[in-house]
$ cat run_12.cif   # mmCIF, C-alpha atoms
data_run
loop_
_atom_site.label_atom_id
_atom_site.label_comp_id
_atom_site.auth_asym_id
_atom_site.auth_seq_id
_atom_site.Cartn_x
_atom_site.Cartn_y
_atom_site.Cartn_z
CA MET H 834 41.67 81.25 -5.85
CA VAL H 835 44.07 78.42 -4.93
CA PHE H 836 43.21 78.85 -1.25
CA ASP H 837 39.48 78.70 -2.05
CA ILE H 838 39.96 75.49 -4.05
CA LEU H 839 41.95 73.87 -1.25
CA TYR H 840 39.31 74.98 1.28
CA ARG H 841 36.51 73.33 -0.70
CA ILE H 842 38.52 70.14 -1.27
CA TYR H 843 39.47 69.88 2.41
CA TYR H 844 35.99 70.35 3.86
CA GLY H 845 34.07 68.76 0.99
CA PHE H 846 36.12 65.58 0.59
CA ILE H 847 39.08 65.16 2.95
CA ASN H 848 37.91 66.28 6.37
CA PRO H 849 34.23 67.26 6.32
CA PRO H 850 33.04 68.87 9.56
CA ALA H 851 31.08 66.41 11.68
CA ALA H 852 27.47 67.37 12.29
CA LYS H 853 25.50 66.53 15.41
CA LYS H 854 23.00 63.90 14.32
CA ASN H 855 19.27 64.39 14.75
CA ASN H 856 17.30 61.71 16.56
CA ASP H 857 15.37 60.85 13.39
CA ALA H 858 18.42 60.78 11.12
CA ILE H 859 18.21 58.39 8.17
CA ARG H 860 20.40 55.34 8.70
CA PHE H 861 22.17 54.33 5.49
CA GLY H 862 23.62 50.96 4.63
CA LEU H 863 26.30 50.61 1.95
CA LEU H 864 25.81 47.73 -0.42
CA GLY H 865 29.30 47.15 -1.75
CA ALA H 866 32.69 48.41 -0.51
CA SER H 867 33.06 50.66 -3.54
CA ASN H 868 35.78 53.18 -4.30
CA ILE H 869 33.18 55.87 -4.94
CA ALA H 870 31.37 55.57 -1.60
CA PRO H 871 33.84 57.67 0.47
CA ILE H 872 33.25 60.78 -1.64
CA SER H 873 29.70 60.06 -2.84
CA LEU H 874 28.09 59.25 0.52
CA ILE H 875 30.43 58.87 3.50
CA ALA H 876 31.94 62.37 3.31
CA PRO H 877 28.64 64.25 2.78
CA ALA H 878 26.92 62.08 5.39
CA THR H 879 29.52 63.12 7.96
CA SER H 880 28.36 66.73 7.68
CA HIS H 881 24.65 66.06 7.28
CA PRO H 882 22.63 66.10 10.52
CA ASP H 883 19.97 63.81 9.04
CA VAL H 884 22.22 61.03 7.72
CA ILE H 885 24.18 58.28 9.49
CA VAL H 886 26.19 55.65 7.61
CA ALA H 887 25.31 52.77 9.89
CA ALA H 888 26.38 49.57 8.16
CA ILE H 889 28.05 47.96 5.19
CA ALA H 890 27.74 44.62 3.42
CA ALA H 891 29.89 43.22 0.63
CA ARG H 892 30.47 39.86 -1.02
CA ASP H 893 33.93 39.78 0.55
CA ARG H 894 33.31 40.18 4.29
CA THR H 895 36.99 40.70 5.03
CA ARG H 896 37.06 43.58 2.59
CA ALA H 897 33.87 44.97 4.11
CA GLU H 898 35.39 44.82 7.59
CA LYS H 899 38.53 46.66 6.46
CA PHE H 900 36.37 49.26 4.70
CA ALA H 901 34.20 49.69 7.81
CA LYS H 902 37.23 50.15 10.05
CA LYS H 903 38.80 52.69 7.72
CA HIS H 904 35.62 54.78 7.45
CA ASN H 905 34.29 54.34 11.01
CA ILE H 906 31.22 52.34 10.00
CA PRO H 907 30.02 50.52 13.13
CA ILE H 908 28.33 47.42 11.66
CA VAL H 909 29.19 44.88 8.97
CA HIS H 910 26.15 42.88 8.01
CA SER H 911 23.31 42.67 5.50
CA THR H 912 20.32 44.40 7.10
CA TYR H 913 19.78 48.13 7.39
CA GLU H 914 17.31 50.46 9.02
CA ASP H 915 16.21 53.04 6.47
CA ALA H 916 18.07 53.45 3.19
CA ILE H 917 20.58 51.64 1.00
CA TYR H 918 23.27 53.08 -1.23
CA ILE H 919 23.94 50.65 -4.09
CA ALA H 920 27.35 51.01 -5.70
CA LEU H 921 27.81 47.43 -6.87
CA PRO H 922 28.93 46.49 -10.40
CA ASP H 923 26.29 47.68 -12.88
CA SER H 924 25.07 44.15 -13.54
CA LYS H 925 23.86 43.90 -9.92
CA HIS H 926 21.92 47.18 -9.77
CA TYR H 927 18.58 45.85 -10.99
CA GLU H 928 18.46 42.84 -8.69
CA TYR H 929 19.51 44.58 -5.50
CA ALA H 930 17.42 47.69 -6.13
CA LEU H 931 14.35 45.44 -6.32
CA ARG H 932 15.43 43.48 -3.25
CA CYS H 933 15.85 46.70 -1.27
CA LEU H 934 12.52 48.13 -2.41
CA SER H 935 10.88 44.86 -1.48
CA ALA H 936 12.37 45.22 1.99
CA LYS H 937 10.86 48.74 2.19
CA LYS H 938 14.24 50.44 2.05
CA HIS H 939 14.83 53.75 0.28
CA VAL H 940 17.42 53.37 -2.50
CA LEU H 941 20.14 55.70 -3.73
CA LEU H 942 21.24 53.86 -6.87
CA GLU H 943 24.52 54.59 -8.58
CA LYS H 944 24.39 55.41 -12.27
CA PRO H 945 23.72 53.79 -14.64
CA SER H 946 20.58 52.53 -12.97
CA CYS H 947 20.56 49.13 -14.71
CA SER H 948 22.33 47.07 -17.34
CA ASN H 949 19.94 48.01 -20.15
CA SER H 950 16.62 49.70 -20.90
CA ARG H 951 14.59 46.53 -20.42
CA GLU H 952 15.77 46.28 -16.83
CA ALA H 953 15.26 50.02 -16.30
CA LYS H 954 11.65 49.84 -17.49
CA SER H 955 11.02 46.86 -15.25
CA LEU H 956 12.56 48.57 -12.22
CA PHE H 957 11.09 52.05 -12.47
CA THR H 958 7.59 50.91 -13.44
CA HIS H 959 7.49 48.10 -10.89
CA PRO H 960 4.71 48.39 -8.27
CA LEU H 961 7.41 48.34 -5.61
CA ALA H 962 8.69 51.64 -7.04
CA THR H 963 5.42 53.29 -8.11
CA ALA H 964 2.99 52.59 -5.26
CA SER H 965 1.88 55.60 -3.23
CA THR H 966 3.74 54.18 -0.25
CA ALA H 967 6.82 53.13 -2.24
CA PRO H 968 10.27 53.95 -0.84
CA VAL H 969 12.29 56.68 -2.51
CA LEU H 970 14.31 55.49 -5.52
CA LEU H 971 16.89 57.81 -7.08
CA GLU H 972 19.49 57.29 -9.80
CA ALA H 973 22.55 59.14 -8.54
CA PHE H 974 23.41 61.68 -11.25
CA HIS H 975 25.00 63.86 -8.60
CA TYR H 976 26.19 66.72 -10.83
CA ARG H 977 22.59 67.68 -11.64
CA PHE H 978 21.94 68.65 -8.02
CA HIS H 979 24.69 71.25 -7.76
CA PRO H 980 23.64 74.93 -8.14
CA ALA H 981 26.29 75.39 -10.84
CA TRP H 982 24.60 72.91 -13.18
CA GLN H 983 21.19 74.47 -12.66
CA THR H 984 22.72 77.91 -13.30
CA PHE H 985 24.13 76.58 -16.57
CA LEU H 986 20.74 75.22 -17.65
CA ASN H 987 19.08 78.52 -16.79
CA VAL H 988 21.57 80.45 -18.92
CA ILE H 989 20.85 78.35 -22.02
CA HIS H 990 17.13 77.72 -21.56
CA ASN H 991 15.45 80.47 -19.61
CA ALA H 992 17.18 83.77 -20.35
CA ALA H 993 15.15 86.21 -22.48
CA GLU H 994 18.00 86.78 -24.95
CA VAL H 995 18.57 83.09 -25.76
CA GLY H 996 17.67 81.71 -29.17
CA PRO H 997 17.08 78.05 -29.99
CA ILE H 998 19.97 75.69 -29.25
CA LYS H 999 21.83 74.72 -32.42
CA PHE H 1000 24.77 72.72 -31.07
CA ALA H 1001 25.67 70.94 -27.85
CA SER H 1002 28.83 69.03 -27.02
CA ALA H 1003 29.93 67.13 -23.92
CA GLU H 1004 33.44 65.72 -23.48
CA GLN H 1005 35.03 63.71 -20.69
CA TYR H 1006 38.40 61.95 -20.53
CA PHE H 1007 40.27 59.78 -18.09
CA PRO H 1008 44.01 58.96 -18.14
CA LYS H 1009 45.06 55.79 -19.87
CA TYR H 1010 46.49 53.85 -16.95
CA ALA H 1011 43.88 54.65 -14.30
CA PHE H 1012 42.23 51.22 -14.49
CA GLY H 1013 43.96 47.85 -14.71
CA LYS H 1014 43.21 45.28 -17.38
CA ASP H 1015 41.13 43.20 -14.94
CA ASP H 1016 38.98 46.12 -13.78
CA ILE H 1017 35.21 45.53 -13.73
CA ARG H 1018 34.86 48.27 -16.36
CA TRP H 1019 36.24 45.86 -18.96
CA GLN H 1020 33.95 42.93 -18.07
CA PHE H 1021 30.95 42.58 -20.36
CA GLY H 1022 29.22 40.18 -17.98
CA LEU H 1023 29.33 42.83 -15.24
CA SER H 1024 27.85 45.38 -17.67
CA GLY H 1025 31.17 47.12 -18.13
CA GLY H 1026 32.29 49.53 -20.81
CA CYS H 1027 32.99 53.23 -21.16
CA MET H 1028 29.39 54.04 -22.09
CA MET H 1029 28.25 52.39 -18.85
CA ASP H 1030 30.73 54.49 -16.87
CA PHE H 1031 32.07 57.88 -17.98
CA GLY H 1032 29.95 57.85 -21.13
CA THR H 1033 26.66 57.92 -19.29
CA TYR H 1034 27.38 61.50 -18.15
CA PRO H 1035 27.78 63.22 -21.54
CA MET H 1036 24.70 61.45 -22.90
CA ASN H 1037 22.76 62.59 -19.85
CA ILE H 1038 24.00 66.13 -20.48
CA LEU H 1039 22.91 66.13 -24.13
CA ARG H 1040 19.45 64.91 -23.19
CA GLN H 1041 19.03 67.75 -20.70
CA VAL H 1042 20.47 70.44 -22.94
CA LEU H 1043 18.70 69.47 -26.16
CA ARG H 1044 15.49 68.39 -24.42
CA GLU H 1045 15.00 65.72 -27.03
CA GLU H 1046 15.90 62.04 -27.05
CA PRO H 1047 18.30 60.66 -29.66
CA GLY H 1048 16.61 58.77 -32.47
CA ASP H 1049 17.51 56.29 -35.16
CA GLU H 1050 19.69 58.85 -36.96
CA LEU H 1051 22.27 58.68 -34.17
CA LYS H 1052 25.76 57.66 -35.25
CA ALA H 1053 28.27 56.15 -32.85
CA GLU H 1054 31.81 54.84 -32.97
CA ALA H 1055 33.57 52.89 -30.26
CA ARG H 1056 37.22 52.30 -29.60
CA ARG H 1057 37.24 48.77 -28.30
CA VAL H 1058 39.48 47.29 -25.68
CA GLY H 1059 39.15 43.87 -27.31
CA LEU H 1060 37.50 40.80 -25.83
CA ASP H 1061 36.55 41.16 -22.20
CA VAL H 1062 38.44 39.29 -19.49
CA ASP H 1063 36.16 36.28 -20.04
CA GLY H 1064 37.03 36.25 -23.75
CA LYS H 1065 33.38 36.55 -24.83
CA GLU H 1066 32.35 40.06 -25.90
CA GLU H 1067 34.12 43.22 -26.91
CA VAL H 1068 33.99 46.13 -24.48
CA ASP H 1069 34.33 49.82 -25.30
CA GLU H 1070 37.11 51.90 -23.75
CA ALA H 1071 35.97 55.06 -25.55
CA MET H 1072 32.77 56.15 -27.26
CA MET H 1073 31.93 58.94 -29.66
CA ALA H 1074 28.33 59.68 -30.71
CA ARG H 1075 26.47 62.33 -32.69
CA TYR H 1076 22.82 62.95 -33.46
CA VAL H 1077 20.53 65.61 -34.88
CA THR H 1078 17.24 66.47 -33.20
CA LYS H 1079 13.97 66.93 -35.05
CA GLY H 1080 14.47 70.66 -34.62
CA GLY H 1081 17.86 70.49 -36.32
CA ALA H 1082 20.13 70.84 -33.29
CA VAL H 1083 23.34 68.79 -33.29
CA GLY H 1084 24.43 66.86 -30.22
CA ARG H 1085 27.94 65.44 -29.88
CA MET H 1086 29.51 63.42 -27.06
CA VAL H 1087 32.97 62.01 -26.42
CA ALA H 1088 33.92 59.80 -23.48
CA ASP H 1089 37.31 58.15 -23.10
CA LEU H 1090 38.40 55.98 -20.17
CA ARG H 1091 41.86 55.42 -21.62
CA TYR H 1092 43.08 58.73 -22.90
CA ALA H 1093 46.69 59.20 -23.90
CA SER H 1094 48.47 59.45 -20.54
CA TRP H 1095 48.54 60.88 -17.04
CA ALA H 1096 50.16 63.96 -18.55
CA PHE H 1097 46.81 65.00 -20.03
CA LEU H 1098 45.71 66.87 -16.92
CA PRO H 1099 43.12 69.13 -18.60
CA GLY H 1100 41.17 66.08 -19.72
CA LEU H 1101 41.23 64.68 -16.21
CA ALA H 1102 40.47 67.92 -14.39
CA TRP H 1103 38.21 69.75 -16.78
CA PRO H 1104 35.27 67.88 -18.25
CA LYS H 1105 33.67 70.27 -20.70
CA CYS H 1106 30.24 70.93 -22.14
CA GLU H 1107 29.58 73.57 -24.77
CA VAL H 1108 26.36 75.01 -26.17
CA GLU H 1109 25.74 77.32 -29.11
CA CYS H 1110 22.39 79.04 -29.48
CA GLY H 1111 20.86 80.40 -32.66
CA GLU H 1112 20.36 84.08 -33.31
CA LYS H 1113 17.48 85.89 -31.65
CA GLU H 1114 16.11 89.36 -32.21
CA VAL H 1115 16.12 91.24 -28.91
CA GLU H 1116 15.22 94.77 -29.94
CA THR H 1117 13.34 96.26 -32.89
CA GLY H 1118 13.50 99.96 -33.71
CA GLU H 1119 11.89 101.97 -36.48
CA VAL H 1120 14.87 101.23 -38.74
CA GLU H 1121 17.50 99.34 -36.82
CA ARG H 1122 17.13 95.86 -35.35
CA CYS H 1123 19.35 94.20 -32.73
CA PHE H 1124 20.18 90.48 -32.70
CA VAL H 1125 22.18 88.27 -30.34
CA LYS H 1126 23.77 84.82 -30.46
CA ARG H 1127 24.90 83.04 -27.31
CA LYS H 1128 27.71 80.55 -26.70
CA VAL H 1129 28.17 78.94 -23.28
CA VAL H 1130 30.99 76.69 -22.06
CA PHE H 1131 30.84 74.92 -18.69
CA TRP H 1132 34.20 73.78 -17.34
CA ASN H 1133 34.25 70.95 -14.79
CA HIS H 1134 30.57 70.15 -14.43
CA LEU H 1135 31.38 66.81 -12.78
CA MET H 1136 33.18 68.16 -9.71
CA PRO H 1137 32.01 71.77 -9.59
CA SER H 1138 32.54 72.15 -5.85
CA ILE H 1139 36.31 71.98 -6.37
CA TYR H 1140 36.30 74.57 -9.13
CA HIS H 1141 34.13 75.44 -12.10
CA ARG H 1142 33.50 78.24 -14.53
CA ILE H 1143 30.61 79.00 -16.86
CA ASP H 1144 31.73 81.18 -19.78
CA VAL H 1145 28.88 83.12 -21.41
CA GLU H 1146 29.64 84.90 -24.68
CA ASP H 1147 26.89 86.99 -26.33
CA THR H 1148 27.56 88.33 -29.82
CA TYR H 1149 25.37 91.32 -30.73
CA SER H 1150 24.75 92.86 -34.12
CA ILE H 1151 22.72 95.88 -35.22
CA ARG H 1152 21.28 95.73 -38.72
CA VAL H 1153 19.28 97.73 -41.16
CA GLY H 1154 17.75 95.19 -43.46
CA GLU H 1155 20.62 92.84 -44.32
CA GLU H 1156 23.31 95.44 -43.70
CA VAL H 1157 25.29 95.01 -40.49
CA LEU H 1158 26.03 98.37 -38.88
CA LYS H 1159 27.77 97.23 -35.73
CA THR H 1160 28.81 94.09 -33.87
CA TRP H 1161 30.22 93.56 -30.39
CA LYS H 1162 30.66 90.85 -27.78
CA ASP H 1163 29.64 90.72 -24.16
CA GLU H 1164 31.56 88.13 -22.11
CA ARG H 1165 30.94 87.11 -18.52
CA TYR H 1166 32.06 84.30 -16.27
CA LEU H 1167 29.65 82.72 -13.80
CA LYS H 1168 30.16 80.55 -10.73
CA ALA H 1169 27.57 79.13 -8.35
CA TYR H 1170 28.69 77.21 -5.28
CA THR H 1171 25.45 77.85 -3.38
CA TRP H 1172 21.85 78.64 -4.19
CA PRO H 1173 21.00 82.36 -4.35
CA SER H 1174 19.85 83.71 -0.98
CA GLY H 1175 16.11 83.33 -0.62
CA ASP H 1176 15.93 80.83 -3.49
CA LYS H 1177 15.40 77.08 -3.40
CA GLY H 1178 13.67 76.98 -0.05
CA GLY H 1179 14.78 80.17 1.66
CA PRO H 1180 17.95 81.53 3.27
CA ASP H 1181 18.50 78.34 5.27
CA LYS H 1182 18.72 76.30 2.06
CA VAL H 1183 21.47 78.18 0.24
CA GLY H 1184 24.12 75.57 1.06
CA LYS H 1185 27.81 76.04 1.73
CA GLU H 1186 30.62 76.67 -0.73
CA TRP H 1187 32.38 73.42 0.17
CA TRP H 1188 29.25 71.29 -0.33
CA SER H 1189 30.01 68.80 -3.08
CA SER H 1190 27.50 67.79 -5.72
CA TYR H 1191 27.16 64.58 -3.71
CA PHE H 1192 26.15 66.58 -0.64
CA TYR H 1193 23.53 68.52 -2.62
CA GLN H 1194 22.24 65.21 -3.97
CA LEU H 1195 22.09 63.69 -0.49
CA GLU H 1196 20.23 66.77 0.75
CA GLU H 1197 17.50 66.27 -1.86
CA PHE H 1198 17.33 62.55 -1.14
CA VAL H 1199 16.79 63.31 2.55
CA ASN H 1200 14.20 65.97 1.69
CA ARG H 1201 12.26 63.48 -0.42
CA VAL H 1202 12.38 60.78 2.27
CA LYS H 1203 11.22 63.21 4.94
CA GLY H 1204 8.60 64.92 2.76
CA ARG H 1205 10.33 68.30 2.86
CA GLU H 1206 10.33 70.98 0.21
CA GLY H 1207 13.73 71.05 -1.42
CA SER H 1208 15.38 72.61 -4.43
CA GLY H 1209 13.03 70.91 -6.88
CA VAL H 1210 15.91 69.13 -8.63
CA TRP H 1211 15.26 65.42 -9.11
CA VAL H 1212 15.83 62.49 -11.47
CA ASP H 1213 12.54 60.66 -11.92
CA GLY H 1214 11.95 57.12 -13.13
CA GLU H 1215 10.92 58.14 -16.65
CA ASP H 1216 14.15 60.07 -17.05
CA SER H 1217 16.19 57.07 -15.90
CA ILE H 1218 14.40 54.79 -18.37
CA LYS H 1219 15.07 57.16 -21.27
CA GLN H 1220 18.70 57.41 -20.21
CA MET H 1221 19.15 53.64 -20.51
CA GLU H 1222 17.31 53.63 -23.85
CA ALA H 1223 19.83 56.19 -25.11
CA ILE H 1224 22.77 54.09 -23.88
CA ASP H 1225 21.37 50.97 -25.56
CA LEU H 1226 20.95 52.93 -28.79
CA VAL H 1227 24.55 54.13 -28.73
CA TYR H 1228 25.79 50.57 -28.35
CA LYS H 1229 23.60 49.33 -31.19
CA LYS H 1230 24.72 52.12 -33.51
CA ALA H 1231 28.35 51.39 -32.66
CA GLY H 1232 27.81 47.78 -33.72
CA MET H 1233 28.00 46.44 -30.17
CA GLN H 1234 25.65 44.62 -27.88
CA PRO H 1235 23.75 46.40 -25.10
CA ARG H 1236 24.78 45.00 -21.75
CA PRO H 1237 23.06 41.70 -20.80
CA SER H 1238 20.13 41.43 -18.42
CA SER H 1239 20.70 39.72 -15.10
CA GLY H 1240 17.71 37.41 -15.43
CA PHE H 1241 16.69 38.19 -11.85
CA GLN H 1242 13.00 37.89 -11.02
CA LEU H 1243 11.42 38.86 -7.75
#
$ encode --input "run_12.cif" --output "structure tokens"
Amino acid sequence: MVFDILYRIYYGFINPPAAKKNNDAIRFGLLGASNIAPISLIAPATSHPDVIVAAIAARDRTRAEKFAKKHNIPIVHSTYEDAIYIALPDSKHYEYALRCLSAKKHVLLEKPSCSNSREAKSLFTHPLATASTAPVLLEAFHYRFHPAWQTFLNVIHNAAEVGPIKFASAEQYFPKYAFGKDDIRWQFGLSGGCMMDFGTYPMNILRQVLREEPGDELKAEARRVGLDVDGKEEVDEAMMARYVTKGGAVGRMVADLRYASWAFLPGLAWPKCEVECGEKEVETGEVERCFVKRKVVFWNHLMPSIYHRIDVEDTYSIRVGEEVLKTWKDERYLKAYTWPSGDKGGPDKVGKEWWSSYFYQLEEFVNRVKGREGSGVWVDGEDSIKQMEAIDLVYKKAGMQPRPSSGFQL
């Protein structure tokens, strides 16, 4: 197992095999010399025959030039051929997404898509984004594109023996000293805060699992870092939230960007989501009836290409009336590094074990740009709007302000 993990890390992130580029490959420009770009776009682009990282632009040209040299990006400037990857501070997403769409560039937009729901509604309903000839616009929730995540959703939603979901939990932690006190994550004016960073993932998970948006009954509690670096507004370093759906299911999320210490490796390495389903009758005899309840735990949904495991526990009981005659458990452990052969577009679309979630995401982005049939996994504009509405609601319920709008108008 250790060898397999090292193999996937090496080819997926450290030294991806270089692909021969097709003549009509999509030329990407990086907007911002971000820390995430090497694993989110540069590494998967290296191995993708239809993607070339052609240029980079950043506010600090010297930094952009150093970044370009380090990652073999040939051009440092502000115009690109086909598509733009936006990984700027959150407060800049709305403005530069609109600018890129206006310039007829496809946009891969880092999450969260905007600073607040008002900006998200304006962006994703804008004629530049909705016209029949509009460029592709995608909010980059990369984990959703990996076969492991779709396997997890299938196990809790589509299996014949699954009852209604009663409880869902998503937890993610980061070590305490990972980010300095002047990091952009602690700057309110740059739309910082845990809920705008790590916290956006567990909320996105709950929305997919419960298939219902949080409402006014949501309760939230923030652990605050204090006034931001400008001394104006408080910023959250951790967020806890809980809500109950109309159907009675409970959703719970925890996100912490300053957990206890570096020693807490499980919190760093193993983000966790857990689902409990209600009982369902699966077999009815003349006298005896059989019921099942399912519990599913997904370990490391954020970086599943390195390692993940989906634990499925089914608890069966046979009853006569209210009397329980027999109970037993069936446990299995699932992994999915590629699509099943023949699924999601045929044998040539199964993927490779070392493909990261970012590579799978890039593959679908390319498919959409080129009008190809892909896996069917996507994040549409309506989904992105509802995601920002949920984030705004969490802030309000925690007694904090949603992040400010940029004021940009095109």
$ closest_atom_pairs --input "run_12.cif" --of "stretch 1009-1122 of chain H" --to "stretch 1205-1229 of chain H" --cutoff "12 Å" --atoms "all atoms listed in the file" --output "CSV"
residue,atom,partner,partner_atom,distance
H:Ser1024,CA,H:Asp1225,CA,11.6
H:Gly1026,CA,H:Tyr1228,CA,10.0
H:Cys1027,CA,H:Tyr1228,CA,10.5
H:Met1028,CA,H:Ile1224,CA,6.9
H:Met1029,CA,H:Ile1224,CA,7.6
H:Asp1030,CA,H:Ile1224,CA,10.6
H:Phe1031,CA,H:Ile1224,CA,11.6
H:Gly1032,CA,H:Ile1224,CA,8.6
H:Thr1033,CA,H:Ile1224,CA,7.1
H:Tyr1034,CA,H:Gln1220,CA,9.8
H:Pro1035,CA,H:Ile1224,CA,10.7
H:Met1036,CA,H:Ala1223,CA,7.5
H:Asn1037,CA,H:Gln1220,CA,6.6
H:Ile1038,CA,H:Gln1220,CA,10.2
H:Leu1039,CA,H:Gln1220,CA,10.4
H:Arg1040,CA,H:Gln1220,CA,8.1
H:Gln1041,CA,H:Asp1216,CA,9.8
H:Arg1044,CA,H:Asp1216,CA,11.2
H:Glu1045,CA,H:Lys1219,CA,10.3
H:Glu1046,CA,H:Ala1223,CA,7.3
H:Pro1047,CA,H:Ala1223,CA,6.6
H:Gly1048,CA,H:Leu1226,CA,8.2
H:Asp1049,CA,H:Leu1226,CA,8.0
H:Glu1050,CA,H:Leu1226,CA,10.2
H:Leu1051,CA,H:Val1227,CA,7.4
H:Lys1052,CA,H:Val1227,CA,7.5
H:Ala1053,CA,H:Val1227,CA,5.9
H:Glu1054,CA,H:Val1227,CA,8.4
H:Ala1055,CA,H:Tyr1228,CA,8.3
H:Arg1056,CA,H:Tyr1228,CA,11.6
H:Arg1057,CA,H:Tyr1228,CA,11.6
H:Glu1067,CA,H:Tyr1228,CA,11.2
H:Val1068,CA,H:Tyr1228,CA,10.1
H:Asp1069,CA,H:Tyr1228,CA,9.1
H:Ala1071,CA,H:Tyr1228,CA,11.5
H:Met1072,CA,H:Val1227,CA,8.6
H:Met1073,CA,H:Val1227,CA,8.9
H:Ala1074,CA,H:Val1227,CA,7.0
H:Arg1075,CA,H:Val1227,CA,9.3
H:Tyr1076,CA,H:Val1227,CA,10.2
H:Arg1085,CA,H:Val1227,CA,11.9
H:Met1086,CA,H:Val1227,CA,10.7
H:Val1087,CA,H:Val1227,CA,11.8
$ residues_around --input "run_12.cif" --residues "stretch 917-922 of chain H" --least-positions-apart "2" --cutoff "8 Å" --atoms "all atoms listed in the file" --output "PyMOL selection string"
chain H and resi 861-867+869-870+913+915+924-926+929-930+933+938-943+1017+1023-1024
$ closest_residue --input "run_12.cif" --among "H:Ala887, H:Leu1135, H:Pro968, H:Asn1200" --to "H:Pro907" --atoms "only C-alpha atoms"
H:Ala887
$ resolve_selection --input "run_12.cif" --expression "the PyMOL selection byres ((chain H and resi 1147) around 8)" --output "PyMOL selection string"
chain H and resi 1125-1128+1145-1146+1148-1149+1162-1164
$ resolve_selection --input "run_12.cif" --expression "the PyMOL selection byres ((chain H and resi 1150) around 7)" --output "PyMOL selection string"
chain H and resi 1123-1125+1148-1149+1151-1152+1157+1159-1161
$ closest_residue --input "run_12.cif" --among "H:Asp1144, H:Met1136, H:Asp857, H:Pro1104" --to "H:Trp1188" --atoms "all atoms listed in the file"
H:Met1136
$ closest_residue --input "run_12.cif" --among "H:Val1083, H:Met834, H:Val1058, H:Ala878" --to "H:Pro997" --atoms "all atoms listed in the file"
H:Val1083
$ residues_around --input "run_12.cif" --residues "stretch 960-962 of chain H" --least-positions-apart "6" --cutoff "9 Å" --atoms "only C-alpha atoms" --output "list of chain:residue names"
H:Leu931, H:Leu934, H:Ser935, H:Lys937, H:Pro968, H:Val969, H:Leu970, H:Gly1214
$ resolve_selection --input "run_12.cif" --expression "the PyMOL selection byres ((chain H and resi 1139) around 9)" --output "ChimeraX atom specification"
/H:837-842,845,1133,1136-1138,1140-1141,1187,1189
$ residues_around --input "run_12.cif" --residues "H:Phe900" --least-positions-apart "2" --cutoff "12 Å" --atoms "all atoms listed in the file" --output "number ranges by chain"
H: 863-868, 870-871, 875, 888-891, 893-898, 902-909
$ write_last_selection --input "run_12.cif" --atoms "C-alpha atoms" --output "CSV table (one decimal), in the frame of the given file"
chain,number,residue,atom,x,y,z
H,863,LEU,CA,26.3,50.6,2.0
H,864,LEU,CA,25.8,47.7,-0.4
H,865,GLY,CA,29.3,47.2,-1.8
H,866,ALA,CA,32.7,48.4,-0.5
H,867,SER,CA,33.1,50.7,-3.5
H,868,ASN,CA,35.8,53.2,-4.3
H,870,ALA,CA,31.4,55.6,-1.6
H,871,PRO,CA,33.8,57.7,0.5
H,875,ILE,CA,30.4,58.9,3.5
H,888,ALA,CA,26.4,49.6,8.2
H,889,ILE,CA,28.0,48.0,5.2
H,890,ALA,CA,27.7,44.6,3.4
H,891,ALA,CA,29.9,43.2,0.6
H,893,ASP,CA,33.9,39.8,0.6
H,894,ARG,CA,33.3,40.2,4.3
H,895,THR,CA,37.0,40.7,5.0
H,896,ARG,CA,37.1,43.6,2.6
H,897,ALA,CA,33.9,45.0,4.1
H,898,GLU,CA,35.4,44.8,7.6
H,902,LYS,CA,37.2,50.2,10.0
H,903,LYS,CA,38.8,52.7,7.7
H,904,HIS,CA,35.6,54.8,7.4
H,905,ASN,CA,34.3,54.3,11.0
H,906,ILE,CA,31.2,52.3,10.0
H,907,PRO,CA,30.0,50.5,13.1
H,908,ILE,CA,28.3,47.4,11.7
H,909,VAL,CA,29.2,44.9,9.0
$ atom_distance --input "run_12.cif" --atom1 "atom CA of H:Ser948" --atom2 "atom CA of H:Gly1232"
17.3 Å
